[in-house]
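Reading through the structure tokens given below for one structure.
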Amino acid sequence: DGGITQSPKYLFRKEGQNVTLSCEQNLNHDAMYWYRQDPGQGLRLIYYSQIVNDFQKGDIAEGYSVSREKKESFPLTVTSAQKNPTAFYLCASSIVRSSASTDTQYFGPGTRLTVL
Amino acid sequence: AQSVTQLGSHVSVSEGALVLLRCNYSSSVPPYLFWYVQYPNQGLQLLLKYTTGATLVKGINGFEAEFKKSETSFHLTKPSAHMSDAAEYFCAVSSPVFTGTASKLTFGTGTRLQVTL
């Protein structure tokens, strides 16, 4: 089955530690995205990538880093510089068309990160 | 710049009653509009989307939405609520993008739908 997988589903971290969230897709999508979800605030874009080895900051990139070494994978690292990392993190992907258009983003099941 | 406002963070309806979730948008260019649903501790699932053409859009699970440019609205409706509709619903907007550019979505803050017996 094609889809997006995120692991782990629940993650606990001590203050001051970096942690990496996994996101893998087998939809052959070019673009991948990371969002953060907090209660009452909707989803906010952290980083996105349109192509391998390239990525751009979203609205709340401070304290996060990403890499895009493979088309299928877009891991997110939450660094110790992120002041309030406890949240639900969602990964998404979409195609990038060859003509002016927009495309649906498909979401993974999410990872809930809790800082202890 | 684009933005989305969802009126009402919580909506409660009786089973069998009409569901109406409100979404207003702001966009400097003709928008593309989306409704997603999220069940507890899960990702988002697309309900429906409007890009161009017919302004009344039908989606999954009996939901539909109408794009009204004059009112800058894209409200989500369902004629008869079912218990399984209880979830959080997000409205989102994006703009047409150039060739080879990924689309970026701006989300509303969500509306939690409660369905009672």
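Letters A, B, ... go to the chains of the structure tokens in the order shown; residues in each chain start at 1; ligands are counted from 1 in the same order.
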
Practice task
Using only C-alpha atoms, determine which residues of chain B fall within 10 Å of chain A; present them as JSON, numbers by chain.
Solution key: {"B": [9, 31, 32, 34, 38, 41, 42, 43, 44, 45, 46, 48, 49, 51, 89, 90, 91, 92, 94, 95, 96, 97, 98, 99, 100, 101, 102, 103, 104, 105, 106, 107, 108, 109, 110, 111, 112]}

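Omitting Pro75 of chain A and its sequence neighbours fewer than 4 positions away, and counting only C-alpha atoms, the residues within 8 Å are A:Thr20, A:Leu21, A:Ser22, A:Cys23, A:Val66, A:Ser67, A:Arg68.
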
Handout entry: Test item: residues at most 7 Å from Ser3 of chain B, only C-alpha atoms, excluding those fewer than 2 positions along its chain, as a VMD selection string
Key = chain B and resid 1 5 25 to 27 106

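By only C-alpha atoms, and with residues fewer than 4 positions from Thr116 of chain B along its chain excluded, the set lying at most 8 Å from it is Ser12, Val13, Ser14, Glu15 and Met83 of chain B.
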
Would you mind listing what lies within 7 Å of Thr114 of chain A as an mmCIF file with N, CA and C atoms, in the first residue's frame, with only C-alpha atoms counted and same-chain residues fewer than 3 positions away left out?
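Result file result_39.cif:
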```cif
data_model
loop_
_atom_site.group_PDB
_atom_site.id
_atom_site.type_symbol
_atom_site.label_atom_id
_atom_site.label_comp_id
_atom_site.auth_asym_id
_atom_site.auth_seq_id
_atom_site.Cartn_x
_atom_site.Cartn_y
_atom_site.Cartn_z
ATOM 1 N N LEU A 11 7.101 9.840 21.378
ATOM 2 C CA LEU A 11 8.525 10.043 21.634
ATOM 3 C C LEU A 11 8.674 10.931 22.856
ATOM 4 N N PHE A 12 9.553 10.513 23.745
ATOM 5 C CA PHE A 12 9.808 11.281 24.952
ATOM 6 C C PHE A 12 11.266 11.717 24.944
ATOM 7 N N ARG A 13 11.503 12.934 25.354
ATOM 8 C CA ARG A 13 12.847 13.480 25.304
ATOM 9 C C ARG A 13 13.121 14.290 26.561
ATOM 10 N N THR A 86 7.354 20.335 22.832
ATOM 11 C CA THR A 86 6.248 19.401 23.042
ATOM 12 C C THR A 86 5.101 19.741 22.097
ATOM 13 N N ALA A 87 4.763 18.812 21.213
ATOM 14 C CA ALA A 87 3.729 19.057 20.195
ATOM 15 C C ALA A 87 3.490 17.778 19.415
#
```

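The interatomic distance for the pair atom CA of Thr52 of chain B and atom CA of Glu66 of chain B works out to 11.9 Å.
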
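Shortest separation to Val115 of chain A among A:Asn53, A:Val19, A:Tyr35, A:Ile46 occurs at residue A:Val19, atoms counted being only C-alpha atoms.
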
Practice task
Run DSSP on the backbone and give me the residues of segment 53-98 of chain B it puts in strand (DSSP E or B), as JSON, numbers by chain.
Solution key: {"B": [56, 57, 58, 64, 65, 66, 67, 68, 73, 74, 75, 76, 77, 78, 87, 88, 89, 90, 91, 92, 93, 94, 97]}

Keeping only C-alpha atoms, write the selected residues as a tab-separated table (two decimals), in the first residue's frame.
```tsv
chain	number	residue	atom	x	y	z
B	56	LEU	CA	-20.11	23.38	-5.20
B	57	VAL	CA	-17.68	20.62	-4.34
B	58	LYS	CA	-18.66	17.19	-3.11
B	64	GLU	CA	-19.82	19.19	0.53
B	65	ALA	CA	-18.63	22.79	0.44
B	66	GLU	CA	-19.45	25.83	-1.66
B	67	PHE	CA	-16.92	28.40	-2.78
B	68	LYS	CA	-18.43	31.89	-2.57
B	73	SER	CA	-16.17	31.75	2.23
B	74	PHE	CA	-15.87	28.00	1.86
B	75	HIS	CA	-18.26	26.55	4.43
B	76	LEU	CA	-18.49	22.79	4.95
B	77	THR	CA	-21.89	21.11	5.24
B	78	LYS	CA	-23.44	17.69	5.67
B	87	ALA	CA	-13.56	14.79	14.73
B	88	GLU	CA	-11.59	17.97	14.18
B	89	TYR	CA	-11.96	19.73	10.84
B	90	PHE	CA	-9.43	22.03	9.25
B	91	CYS	CA	-9.92	24.49	6.42
B	92	ALA	CA	-6.83	25.40	4.39
B	93	VAL	CA	-5.93	27.73	1.55
B	94	SER	CA	-3.15	27.74	-1.01
B	97	VAL	CA	2.02	27.95	-7.92
```
